[in-house]
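Peer 1: Take a look at structure-v2.cif, mmCIF, C-alpha atoms:
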data_my_file
#
loop_
_atom_site.group_PDB
_atom_site.id
_atom_site.type_symbol
_atom_site.label_atom_id
_atom_site.label_comp_id
_atom_site.auth_asym_id
_atom_site.auth_seq_id
_atom_site.Cartn_x
_atom_site.Cartn_y
_atom_site.Cartn_z
ATOM 1 C CA MET U 297 4.631 18.416 24.133
ATOM 2 C CA VAL U 298 5.495 20.520 27.124
ATOM 3 C CA ASP U 299 9.150 21.476 27.117
ATOM 4 C CA ILE U 300 10.986 19.818 30.033
ATOM 5 C CA SER U 301 13.723 22.429 29.819
ATOM 6 C CA GLN U 302 11.181 24.691 31.548
ATOM 7 C CA ILE U 303 11.569 22.783 34.831
ATOM 8 C CA GLY U 304 12.727 25.396 37.310
ATOM 9 C CA TYR U 305 11.037 28.267 35.472
ATOM 10 C CA ARG U 306 10.262 31.013 37.987
ATOM 11 C CA HIS U 307 7.391 33.283 37.000
ATOM 12 C CA PRO U 308 7.475 36.968 37.989
ATOM 13 C CA PRO U 309 5.562 37.425 41.296
ATOM 14 C CA HIS U 310 2.320 39.356 41.622
ATOM 15 C CA SER U 311 0.756 40.942 44.684
ATOM 16 C CA VAL U 312 -2.894 41.188 45.619
ATOM 17 C CA ASP U 313 -4.829 42.871 48.422
ATOM 18 C CA VAL U 314 -7.097 40.582 50.450
ATOM 19 C CA GLU U 315 -10.447 42.347 50.569
ATOM 20 C CA ARG U 316 -13.052 41.854 53.286
ATOM 21 C CA GLY U 317 -16.020 41.993 50.897
ATOM 22 C CA LYS U 318 -14.499 39.423 48.567
ATOM 23 C CA LEU U 319 -13.801 37.087 51.493
ATOM 24 C CA LEU U 320 -17.424 37.355 52.615
ATOM 25 C CA PHE U 321 -18.685 36.757 49.069
ATOM 26 C CA PHE U 322 -16.496 33.652 48.784
ATOM 27 C CA ALA U 323 -17.579 32.331 52.195
ATOM 28 C CA ARG U 324 -21.247 32.914 51.389
ATOM 29 C CA THR U 325 -20.955 31.237 47.982
ATOM 30 C CA ILE U 326 -19.434 28.037 49.352
ATOM 31 C CA GLY U 327 -21.531 28.052 52.538
ATOM 32 C CA GLU U 328 -18.576 28.523 54.883
ATOM 33 C CA THR U 329 -19.879 29.517 58.302
ATOM 34 C CA HIS U 330 -16.772 29.346 60.493
ATOM 35 C CA PRO U 331 -17.003 32.453 62.716
ATOM 36 C CA MET U 332 -13.444 33.608 61.885
ATOM 37 C CA CYS U 333 -14.463 33.687 58.198
ATOM 38 C CA VAL U 334 -17.770 35.539 58.546
ATOM 39 C CA ASP U 335 -17.763 37.456 61.847
ATOM 40 C CA GLU U 336 -15.197 40.210 62.217
ATOM 41 C CA GLU U 337 -15.537 40.324 66.007
ATOM 42 C CA ALA U 338 -14.939 36.587 66.275
ATOM 43 C CA ALA U 339 -11.859 36.915 64.058
ATOM 44 C CA ARG U 340 -10.458 39.728 66.218
ATOM 45 C CA ALA U 341 -11.284 37.854 69.409
ATOM 46 C CA ALA U 342 -9.165 35.001 68.036
ATOM 47 C CA GLY U 343 -6.252 37.400 67.627
ATOM 48 C CA LEU U 344 -6.576 37.902 63.872
ATOM 49 C CA PRO U 345 -6.348 41.372 62.283
ATOM 50 C CA GLY U 346 -9.528 40.807 60.233
ATOM 51 C CA LEU U 347 -11.742 38.156 58.650
ATOM 52 C CA ALA U 348 -9.833 34.987 57.799
ATOM 53 C CA ALA U 349 -9.751 33.386 54.364
ATOM 54 C CA PRO U 350 -11.352 29.907 54.039
ATOM 55 C CA PRO U 351 -8.891 27.041 53.408
ATOM 56 C CA THR U 352 -8.894 27.119 49.601
ATOM 57 C CA TYR U 353 -8.994 30.893 49.128
ATOM 58 C CA ALA U 354 -5.251 31.233 48.426
ATOM 59 C CA PHE U 355 -5.925 29.576 45.062
ATOM 60 C CA SER U 356 -8.363 32.378 44.238
ATOM 61 C CA LEU U 357 -5.714 34.959 45.125
ATOM 62 C CA GLU U 358 -3.438 33.219 42.651
ATOM 63 C CA LEU U 359 -6.101 33.708 39.966
ATOM 64 C CA ASP U 360 -6.691 37.347 40.946
ATOM 65 C CA GLN U 361 -4.608 38.979 38.238
ATOM 66 C CA PRO U 362 -5.215 40.199 34.691
ATOM 67 C CA LYS U 363 -3.694 37.037 33.168
ATOM 68 C CA PRO U 364 -4.438 34.201 35.591
ATOM 69 C CA PHE U 365 -2.896 31.566 33.319
ATOM 70 C CA ALA U 366 0.227 33.558 32.474
ATOM 71 C CA VAL U 367 2.506 30.815 33.824
ATOM 72 C CA LEU U 368 1.013 28.217 31.479
ATOM 73 C CA GLU U 369 1.089 30.660 28.593
ATOM 74 C CA ALA U 370 4.774 31.295 29.308
ATOM 75 C CA LEU U 371 5.275 27.509 28.991
ATOM 76 C CA GLY U 372 3.488 27.505 25.631
ATOM 77 C CA VAL U 373 0.578 25.350 26.852
ATOM 78 C CA ARG U 374 -2.773 25.554 25.046
ATOM 79 C CA LEU U 375 -5.346 26.539 27.631
ATOM 80 C CA ASP U 376 -8.147 24.559 25.970
ATOM 81 C CA ARG U 377 -6.195 21.346 26.630
ATOM 82 C CA ILE U 378 -5.593 21.630 30.340
ATOM 83 C CA LEU U 379 -7.218 19.957 33.327
ATOM 84 C CA HIS U 380 -6.613 20.611 36.996
ATOM 85 C CA GLY U 381 -5.169 17.303 38.214
ATOM 86 C CA THR U 382 -4.255 17.870 41.843
ATOM 87 C CA GLN U 383 -4.197 20.740 44.325
ATOM 88 C CA ARG U 384 -2.510 20.916 47.723
ATOM 89 C CA PHE U 385 -2.264 23.591 50.407
ATOM 90 C CA ILE U 386 0.263 23.731 53.253
ATOM 91 C CA TYR U 387 -0.725 26.233 55.933
ATOM 92 C CA HIS U 388 1.739 28.310 57.934
ATOM 93 C CA ALA U 389 -0.205 31.460 58.895
ATOM 94 C CA PRO U 390 -3.747 32.680 58.327
ATOM 95 C CA ILE U 391 -4.538 34.961 55.376
ATOM 96 C CA CYS U 392 -6.754 37.816 56.540
ATOM 97 C CA ALA U 393 -8.633 40.825 55.193
ATOM 98 C CA GLY U 394 -6.216 43.718 54.882
ATOM 99 C CA ASP U 395 -3.228 41.501 54.044
ATOM 100 C CA ARG U 396 -1.219 42.088 50.928
ATOM 101 C CA ILE U 397 -0.186 38.710 49.556
ATOM 102 C CA THR U 398 2.611 38.155 47.062
ATOM 103 C CA LEU U 399 2.370 35.002 44.968
ATOM 104 C CA GLN U 400 5.405 33.429 43.384
ATOM 105 C CA THR U 401 5.169 30.353 41.174
ATOM 106 C CA VAL U 402 7.958 27.954 40.241
ATOM 107 C CA VAL U 403 7.651 25.039 37.803
ATOM 108 C CA GLU U 404 8.817 22.064 39.857
ATOM 109 C CA ASP U 405 8.434 19.211 37.414
ATOM 110 C CA ILE U 406 7.238 18.315 33.923
ATOM 111 C CA TYR U 407 6.677 14.736 32.762
ATOM 112 C CA GLU U 408 4.636 12.620 30.359
ATOM 113 C CA LYS U 409 2.488 9.522 30.681
ATOM 114 C CA LYS U 410 0.707 7.198 28.265
ATOM 115 C CA GLY U 411 3.393 7.493 25.593
ATOM 116 C CA GLY U 412 3.164 11.261 25.510
ATOM 117 C CA ALA U 413 -0.641 11.404 25.329
ATOM 118 C CA MET U 414 -0.728 13.229 28.646
ATOM 119 C CA GLY U 415 1.653 15.863 29.923
ATOM 120 C CA PHE U 416 1.925 16.817 33.594
ATOM 121 C CA ILE U 417 3.181 20.132 34.920
ATOM 122 C CA VAL U 418 3.803 20.452 38.661
ATOM 123 C CA MET U 419 3.870 24.002 40.010
ATOM 124 C CA ARG U 420 4.551 25.322 43.494
ATOM 125 C CA THR U 421 3.236 28.734 44.488
ATOM 126 C CA THR U 422 4.160 30.495 47.706
ATOM 127 C CA ALA U 423 1.797 33.074 49.165
ATOM 128 C CA THR U 424 3.820 35.504 51.305
ATOM 129 C CA ASN U 425 2.207 38.228 53.394
ATOM 130 C CA GLN U 426 3.240 41.857 53.886
ATOM 131 C CA HIS U 427 5.345 40.850 56.916
ATOM 132 C CA GLY U 428 7.498 38.587 54.759
ATOM 133 C CA GLU U 429 6.004 35.394 56.274
ATOM 134 C CA ILE U 430 5.008 32.532 54.005
ATOM 135 C CA ALA U 431 1.303 32.115 54.801
ATOM 136 C CA VAL U 432 0.406 29.265 52.463
ATOM 137 C CA GLU U 433 2.276 27.054 50.021
ATOM 138 C CA MET U 434 0.322 25.573 47.130
ATOM 139 C CA THR U 435 1.231 22.752 44.797
ATOM 140 C CA LYS U 436 -0.819 21.864 41.760
ATOM 141 C CA THR U 437 -0.576 19.446 38.886
ATOM 142 C CA VAL U 438 -1.920 20.610 35.556
ATOM 143 C CA VAL U 439 -2.682 17.848 33.062
ATOM 144 C CA VAL U 440 -2.184 18.692 29.384
ATOM 145 C CA ARG U 441 -4.098 16.517 26.930
ATOM 146 C CA GLN U 442 -2.170 16.061 23.716
ATOM 147 C CA SER U 443 -4.124 16.262 20.462
ATOM 148 C CA ARG U 444 -4.854 12.861 18.980
ATOM 149 C CA SER U 445 -7.677 12.128 16.602
ATOM 150 C CA GLY U 446 -10.530 10.237 18.180
ATOM 151 C CA GLN U 447 -9.355 10.937 21.699
ATOM 152 C CA ARG U 448 -11.446 12.846 24.179
ATOM 153 C CA GLY U 449 -9.535 13.737 27.277
ATOM 154 C CA VAL U 450 -12.352 15.166 29.322
ATOM 155 C CA LYS U 451 -14.770 12.483 30.366
ATOM 156 C CA MET C 300 -2.136 30.123 68.388
ATOM 157 C CA ASN C 301 -5.829 29.797 69.149
ATOM 158 C CA ALA C 302 -6.798 26.383 67.907
ATOM 159 C CA THR C 303 -10.295 25.075 68.410
ATOM 160 C CA VAL C 304 -10.358 23.044 71.606
ATOM 161 C CA HIS C 305 -11.803 19.576 71.328
ATOM 162 C CA SER C 306 -13.410 17.559 74.046
ATOM 163 C CA ARG C 307 -13.052 14.210 72.346
ATOM 164 C CA ARG C 308 -10.103 12.061 71.355
ATOM 165 C CA TYR C 309 -10.055 10.634 67.879
ATOM 166 C CA ALA C 310 -9.023 7.145 66.834
ATOM 167 C CA ALA C 311 -8.052 5.641 63.497
ATOM 168 C CA GLY C 312 -11.180 4.652 61.573
ATOM 169 C CA ASP C 313 -13.402 7.359 63.058
ATOM 170 C CA ARG C 314 -15.754 8.937 60.579
ATOM 171 C CA VAL C 315 -15.566 12.525 61.703
ATOM 172 C CA ALA C 316 -17.819 14.335 59.318
ATOM 173 C CA LEU C 317 -20.430 14.060 56.637
ATOM 174 C CA LEU C 318 -21.615 17.054 54.667
ATOM 175 C CA GLN C 319 -24.395 16.824 52.116
ATOM 176 C CA ILE C 320 -24.470 19.620 49.567
ATOM 177 C CA ALA C 321 -27.659 20.795 47.851
ATOM 178 C CA PRO C 322 -27.771 19.968 44.114
ATOM 179 C CA ILE C 323 -25.276 22.081 42.164
ATOM 180 C CA SER C 324 -27.119 24.822 40.282
ATOM 181 C CA ARG C 325 -26.046 27.030 37.404
ATOM 182 C CA ALA C 326 -26.427 29.982 39.746
ATOM 183 C CA THR C 327 -23.882 28.437 42.129
ATOM 184 C CA LEU C 328 -21.421 27.979 39.267
ATOM 185 C CA ALA C 329 -21.861 31.618 38.226
ATOM 186 C CA LEU C 330 -21.436 32.884 41.771
ATOM 187 C CA PHE C 331 -18.409 30.670 42.379
ATOM 188 C CA ALA C 332 -16.814 31.915 39.125
ATOM 189 C CA GLY C 333 -17.028 35.440 40.465
ATOM 190 C CA ALA C 334 -16.164 34.639 44.067
ATOM 191 C CA SER C 335 -13.203 32.399 43.248
ATOM 192 C CA ASN C 336 -11.787 34.486 40.370
ATOM 193 C CA ASP C 337 -12.035 31.447 38.079
ATOM 194 C CA HIS C 338 -13.611 33.067 35.031
ATOM 195 C CA ASN C 339 -13.161 30.076 32.729
ATOM 196 C CA PRO C 340 -16.330 30.225 30.554
ATOM 197 C CA MET C 341 -16.528 26.398 30.369
ATOM 198 C CA HIS C 342 -18.241 26.541 33.762
ATOM 199 C CA ILE C 343 -20.725 29.327 33.104
ATOM 200 C CA ASP C 344 -21.398 29.655 29.382
ATOM 201 C CA LEU C 345 -23.291 26.797 27.723
ATOM 202 C CA ASP C 346 -22.255 27.938 24.231
ATOM 203 C CA VAL C 347 -18.574 27.685 25.130
ATOM 204 C CA ALA C 348 -19.026 24.285 26.791
ATOM 205 C CA ARG C 349 -20.853 22.899 23.747
ATOM 206 C CA ALA C 350 -18.270 24.311 21.358
ATOM 207 C CA ALA C 351 -15.689 22.336 23.362
ATOM 208 C CA GLY C 352 -17.666 19.120 22.875
ATOM 209 C CA MET C 353 -19.297 18.991 26.290
ATOM 210 C CA ASP C 354 -23.041 18.458 26.711
ATOM 211 C CA ASP C 355 -23.318 21.107 29.399
ATOM 212 C CA VAL C 356 -21.338 23.353 31.692
ATOM 213 C CA PHE C 357 -19.760 21.608 34.678
ATOM 214 C CA ALA C 358 -18.490 22.681 38.076
ATOM 215 C CA GLN C 359 -15.122 24.227 38.749
ATOM 216 C CA GLY C 360 -12.929 21.601 40.442
ATOM 217 C CA MET C 361 -12.201 24.025 43.254
ATOM 218 C CA LEU C 362 -15.910 24.141 44.166
ATOM 219 C CA PRO C 363 -16.096 20.631 45.674
ATOM 220 C CA MET C 364 -12.659 21.255 47.202
ATOM 221 C CA ALA C 365 -14.090 24.340 48.898
ATOM 222 C CA TYR C 366 -16.950 22.185 50.257
ATOM 223 C CA LEU C 367 -14.391 19.747 51.658
ATOM 224 C CA GLY C 368 -12.693 22.726 53.280
ATOM 225 C CA ARG C 369 -15.982 23.411 55.068
ATOM 226 C CA VAL C 370 -15.930 19.870 56.444
ATOM 227 C CA LEU C 371 -12.486 20.560 57.907
ATOM 228 C CA THR C 372 -13.214 23.999 59.387
ATOM 229 C CA ASN C 373 -16.511 22.758 60.797
ATOM 230 C CA ALA C 374 -15.039 19.662 62.440
ATOM 231 C CA PHE C 375 -11.631 20.949 63.510
ATOM 232 C CA GLY C 376 -11.594 24.755 63.270
ATOM 233 C CA LEU C 377 -9.758 26.962 60.830
ATOM 234 C CA ARG C 378 -6.473 27.233 62.699
ATOM 235 C CA SER C 379 -6.014 23.484 63.186
ATOM 236 C CA LEU C 380 -5.443 22.866 59.513
ATOM 237 C CA ARG C 381 -1.845 22.090 58.496
ATOM 238 C CA GLU C 382 -2.170 20.483 55.084
ATOM 239 C CA PHE C 383 -5.023 19.805 52.654
ATOM 240 C CA GLY C 384 -4.722 18.204 49.223
ATOM 241 C CA VAL C 385 -6.954 16.584 46.619
ATOM 242 C CA ARG C 386 -6.871 14.746 43.332
ATOM 243 C CA PHE C 387 -9.633 15.771 40.938
ATOM 244 C CA ALA C 388 -11.066 12.433 39.846
ATOM 245 C CA ALA C 389 -14.324 13.232 38.033
ATOM 246 C CA ILE C 390 -16.319 16.168 36.757
ATOM 247 C CA THR C 391 -19.248 17.477 38.791
ATOM 248 C CA HIS C 392 -22.352 18.044 36.690
ATOM 249 C CA VAL C 393 -25.178 20.516 37.171
ATOM 250 C CA ARG C 394 -27.828 19.088 39.547
ATOM 251 C CA ASP C 395 -25.358 16.634 41.118
ATOM 252 C CA ARG C 396 -25.830 16.207 44.830
ATOM 253 C CA LEU C 397 -22.422 15.830 46.479
ATOM 254 C CA GLU C 398 -21.543 14.085 49.699
ATOM 255 C CA CYS C 399 -18.313 15.030 51.487
ATOM 256 C CA THR C 400 -16.754 12.788 54.123
ATOM 257 C CA ALA C 401 -13.688 12.801 56.342
ATOM 258 C CA GLU C 402 -12.263 9.754 58.087
ATOM 259 C CA VAL C 403 -9.321 9.458 60.479
ATOM 260 C CA LEU C 404 -6.520 7.359 58.992
ATOM 261 C CA SER C 405 -4.023 7.679 61.820
ATOM 262 C CA VAL C 406 -3.492 9.575 65.050
ATOM 263 C CA ALA C 407 -0.348 10.809 66.786
ATOM 264 C CA ASP C 408 -0.005 12.637 70.085
ATOM 265 C CA HIS C 409 1.049 16.201 69.561
ATOM 266 C CA ALA C 410 1.814 18.822 72.243
ATOM 267 C CA ALA C 411 -1.461 19.255 74.163
ATOM 268 C CA GLY C 412 -3.493 17.408 71.605
ATOM 269 C CA GLN C 413 -3.550 15.134 68.605
ATOM 270 C CA ARG C 414 -2.249 15.244 65.081
ATOM 271 C CA LEU C 415 -4.686 13.536 62.720
ATOM 272 C CA ASP C 416 -4.150 12.225 59.221
ATOM 273 C CA LEU C 417 -7.475 12.323 57.430
ATOM 274 C CA LYS C 418 -8.824 10.710 54.307
ATOM 275 C CA LEU C 419 -11.305 12.876 52.427
ATOM 276 C CA THR C 420 -13.767 12.034 49.693
ATOM 277 C CA VAL C 421 -16.453 13.752 47.699
ATOM 278 C CA ILE C 422 -18.904 11.322 46.104
ATOM 279 C CA ASN C 423 -21.486 12.090 43.420
ATOM 280 C CA PRO C 424 -24.980 10.504 43.193
ATOM 281 C CA ARG C 425 -23.655 7.806 40.856
ATOM 282 C CA GLY C 426 -21.276 6.659 43.594
ATOM 283 C CA GLU C 427 -18.189 7.961 41.815
ATOM 284 C CA ALA C 428 -15.436 9.746 43.694
ATOM 285 C CA VAL C 429 -15.275 13.329 42.465
ATOM 286 C CA LEU C 430 -12.383 14.241 44.735
ATOM 287 C CA ILE C 431 -10.030 12.037 46.692
ATOM 288 C CA GLY C 432 -8.020 13.898 49.255
ATOM 289 C CA ASP C 433 -6.164 14.009 52.500
ATOM 290 C CA ALA C 434 -5.536 16.493 55.261
ATOM 291 C CA VAL C 435 -3.443 16.914 58.365
ATOM 292 C CA VAL C 436 -4.934 18.719 61.362
ATOM 293 C CA GLU C 437 -3.519 19.409 64.809
ATOM 294 C CA ILE C 438 -6.123 19.766 67.509
ATOM 295 C CA GLU C 439 -5.881 20.778 71.149
ATOM 296 C CA LEU C 440 -7.678 18.614 73.655
ATOM 297 C CA GLN C 441 -7.324 20.618 76.844
ATOM 298 C CA GLN C 442 -9.082 23.796 77.763
ATOM 299 C CA VAL C 443 -6.867 26.832 77.189
ATOM 300 C CA ASN C 444 -7.583 30.553 77.251
ATOM 301 C CA THR C 445 -9.290 31.434 74.005
#
Would you put the structure from the file into structure tokens?
Peer 2:
Amino acid sequence: MVDISQIGYRHPPHSVDVERGKLLFFARTIGETHPMCVDEEAARAAGLPGLAAPPTYAFSLELDQPKPFAVLEALGVRLDRILHGTQRFIYHAPICAGDRITLQTVVEDIYEKKGGAMGFIVMRTTATNQHGEIAVEMTKTVVVRQSRSGQRGVK
Amino acid sequence: MNATVHSRRYAAGDRVALLQIAPISRATLALFAGASNDHNPMHIDLDVARAAGMDDVFAQGMLPMAYLGRVLTNAFGLRSLREFGVRFAAITHVRDRLECTAEVLSVADHAAGQRLDLKLTVINPRGEAVLIGDAVVEIELQQVNT
């Protein structure tokens, strides 16, 4: 089972550059057409320094590192047993091309359900820009399926 | 802050948006893996999915969430968004046609506009909820210099 003594674990931060081409690729892939996300002039006219990231892009910045699941590995979780349970974004400032975003993750809670058959890890990640402003806060719940014969966690 | 200016007032119960997504293809899953930095092979490599006991690859959970994000930016503008959360309720399969909706749960007056609590859903062709979510947006109702 996931070790509840890890509640409060603070993972070392990582920083990532927000690239214009990657923002456009993301927007095109999901079909996002908001002018601030795809038209540099529109973004600048709105007072932004460059193209804006679509609403869920901060999660992709979190994954943009050599070991995207390093936090879970640090907790000793088997990656073939995890499911993404919930995801939440709280927006404070736009993330734009040219920003350098630092992501810091803290383990907020760990608990079990169904007599230990399912473990839940709640993590909060702050995305802070190069000006020291928190741009986006993210909270996610990762579900860990415990091994039991005859049980299939993924439907 | 330049929020999108709205000409209409919203009321609780309003259905504000409906977005129908073309059937999910393997190409979309591959592109989204690259675009979103989610390189988990379960979503793009049939051999890996089968070895894990699945019949086929399936969509990244963040893909339908990204579609819901489009509903929000399209209806309310990017800068109006304050909070956006989902619970991943079911897997999205290849060839599924998804339908995203947003409905106003409650409305409060806010500065020169309204603060809306929204209920969000993504439904698959079998009528199952893939995502169940909520969002908070703050919209301006009067014309300002933008």
Peer 1: Could you give me, as a PyMOL selection string, the residues within 10 Å of U:Ala431, counting only C-alpha atoms and dropping anything in the same chain fewer than 5 positions from it?
Peer 2: chain U and resi 354+386-391+397-398+422-426
Peer 1: Applying the PyMOL selection byres ((chain C) within 6 of (chain U)) to the file I just gave you, which residues come out? Please list them as a PyMOL selection string.
Peer 2: chain C and resi 334-336+365+368-369+381-387
Peer 1: In terms of the shortest atom-to-atom distance over only C-alpha atoms, which of U:Ile406, U:Ile430, U:Arg396, U:Ala366 is closest to U:Pro308?
Peer 2: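 Smallest separation from U:Pro308 among the options: U:Ala366.
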Peer 1: Identify, on the basis of all atoms listed in the file, every residue whose closest approach to stretch 428-430 of chain C does not exceed 9 Å; exclude the query and any residue fewer than 3 positions from it along the same chain; express the result as a list of chain:residue names.
Peer 2: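 With the cut-off at 9 Å, the set is C:Gly360, C:Pro363, C:Met364, C:Val385, C:Arg386, C:Phe387, C:Ala388, C:Ala389, C:Ile390, C:Thr391, C:Leu397, C:Leu419, C:Thr420, C:Val421, C:Ile422, C:Asn423, C:Arg425.
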Peer 1: Give me, as an NGL selection string, all polymer residues having an atom no more than 12 Å from U:Ile300, counting all atoms listed in the file and skipping those fewer than 4 positions away in the same chain.
Peer 2: :U and (304-305 or 371-372 or 403-408 or 415-418)
Peer 1: Atom CA of C:His338 and atom CA of U:Gly346 are how many Å apart?
Peer 2: 26.7 Å
Peer 1: How many Å lie between atom CA of C:Val393 and atom CA of U:Ala413, rounded to one decimal?
Peer 2: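 Calculated distance between atom CA of C:Val393 and atom CA of U:Ala413 is 28.7 Å.
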Peer 1: Find, counting all atoms listed in the file, the residue in U:Met414, U:Leu347, U:Val402, U:Val312 that gets nearest to U:Val298.
Peer 2: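 For U:Val298, the nearest of the given residues is U:Met414.
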Peer 1: What separation in Å, quoted to one decimal, exists between atom CA of C:Pro424 and atom CA of C:Glu398?
Peer 2: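 Interatomic distance, atom CA of C:Pro424 to atom CA of C:Glu398: 8.2 Å.
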Peer 1: Scan for residues within 9 Å of the point (-3.2, 19.6, 71.3) in the coordinates of the file, using all atoms listed in the file, and reply as a ChimeraX atom specification.
Peer 2: /C:302,304-305,408-414,437-441
Peer 1: As a VMD selection string, please: the residues near C:Val315 (cut-off 9 Å, all atoms listed in the file, same-chain neighbours under 4 positions excluded).
Peer 2: chain C and resid 309 374 400 to 403
Peer 1: Put the listed atoms of stretch 364-372 of chain C in a box along x, y and z with 5 Å added on every side and give me the centre and edge lengths in Å to one decimal, as JSON.
Peer 2:
{"center_x": -14.7, "center_y": 22.0, "center_z": 53.3, "size_x": 14.5, "size_y": 14.6, "size_z": 22.2}
Peer 1: Taking (-23.5, 25.0, 41.2) in the file's coordinates, which residues come within 9 Å, counting all atoms listed in the file, written as an mmCIF file with C-alpha atoms, in the coordinates of the input?
Peer 2:
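Okay, selection_26.cif is ready:
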data_model
loop_
_atom_site.group_PDB
_atom_site.id
_atom_site.type_symbol
_atom_site.label_atom_id
_atom_site.label_comp_id
_atom_site.auth_asym_id
_atom_site.auth_seq_id
_atom_site.Cartn_x
_atom_site.Cartn_y
_atom_site.Cartn_z
ATOM 1 C CA ALA C 321 -27.659 20.795 47.851
ATOM 2 C CA PRO C 322 -27.771 19.968 44.114
ATOM 3 C CA ILE C 323 -25.276 22.081 42.164
ATOM 4 C CA SER C 324 -27.119 24.822 40.282
ATOM 5 C CA ARG C 325 -26.046 27.030 37.404
ATOM 6 C CA ALA C 326 -26.427 29.982 39.746
ATOM 7 C CA THR C 327 -23.882 28.437 42.129
ATOM 8 C CA LEU C 328 -21.421 27.979 39.267
ATOM 9 C CA ALA C 329 -21.861 31.618 38.226
ATOM 10 C CA LEU C 330 -21.436 32.884 41.771
ATOM 11 C CA PHE C 331 -18.409 30.670 42.379
ATOM 12 C CA PHE C 357 -19.760 21.608 34.678
ATOM 13 C CA ALA C 358 -18.490 22.681 38.076
ATOM 14 C CA GLN C 359 -15.122 24.227 38.749
ATOM 15 C CA LEU C 362 -15.910 24.141 44.166
ATOM 16 C CA THR C 391 -19.248 17.477 38.791
ATOM 17 C CA HIS C 392 -22.352 18.044 36.690
ATOM 18 C CA VAL C 393 -25.178 20.516 37.171
ATOM 19 C CA ARG C 394 -27.828 19.088 39.547
ATOM 20 C CA ASP C 395 -25.358 16.634 41.118
#
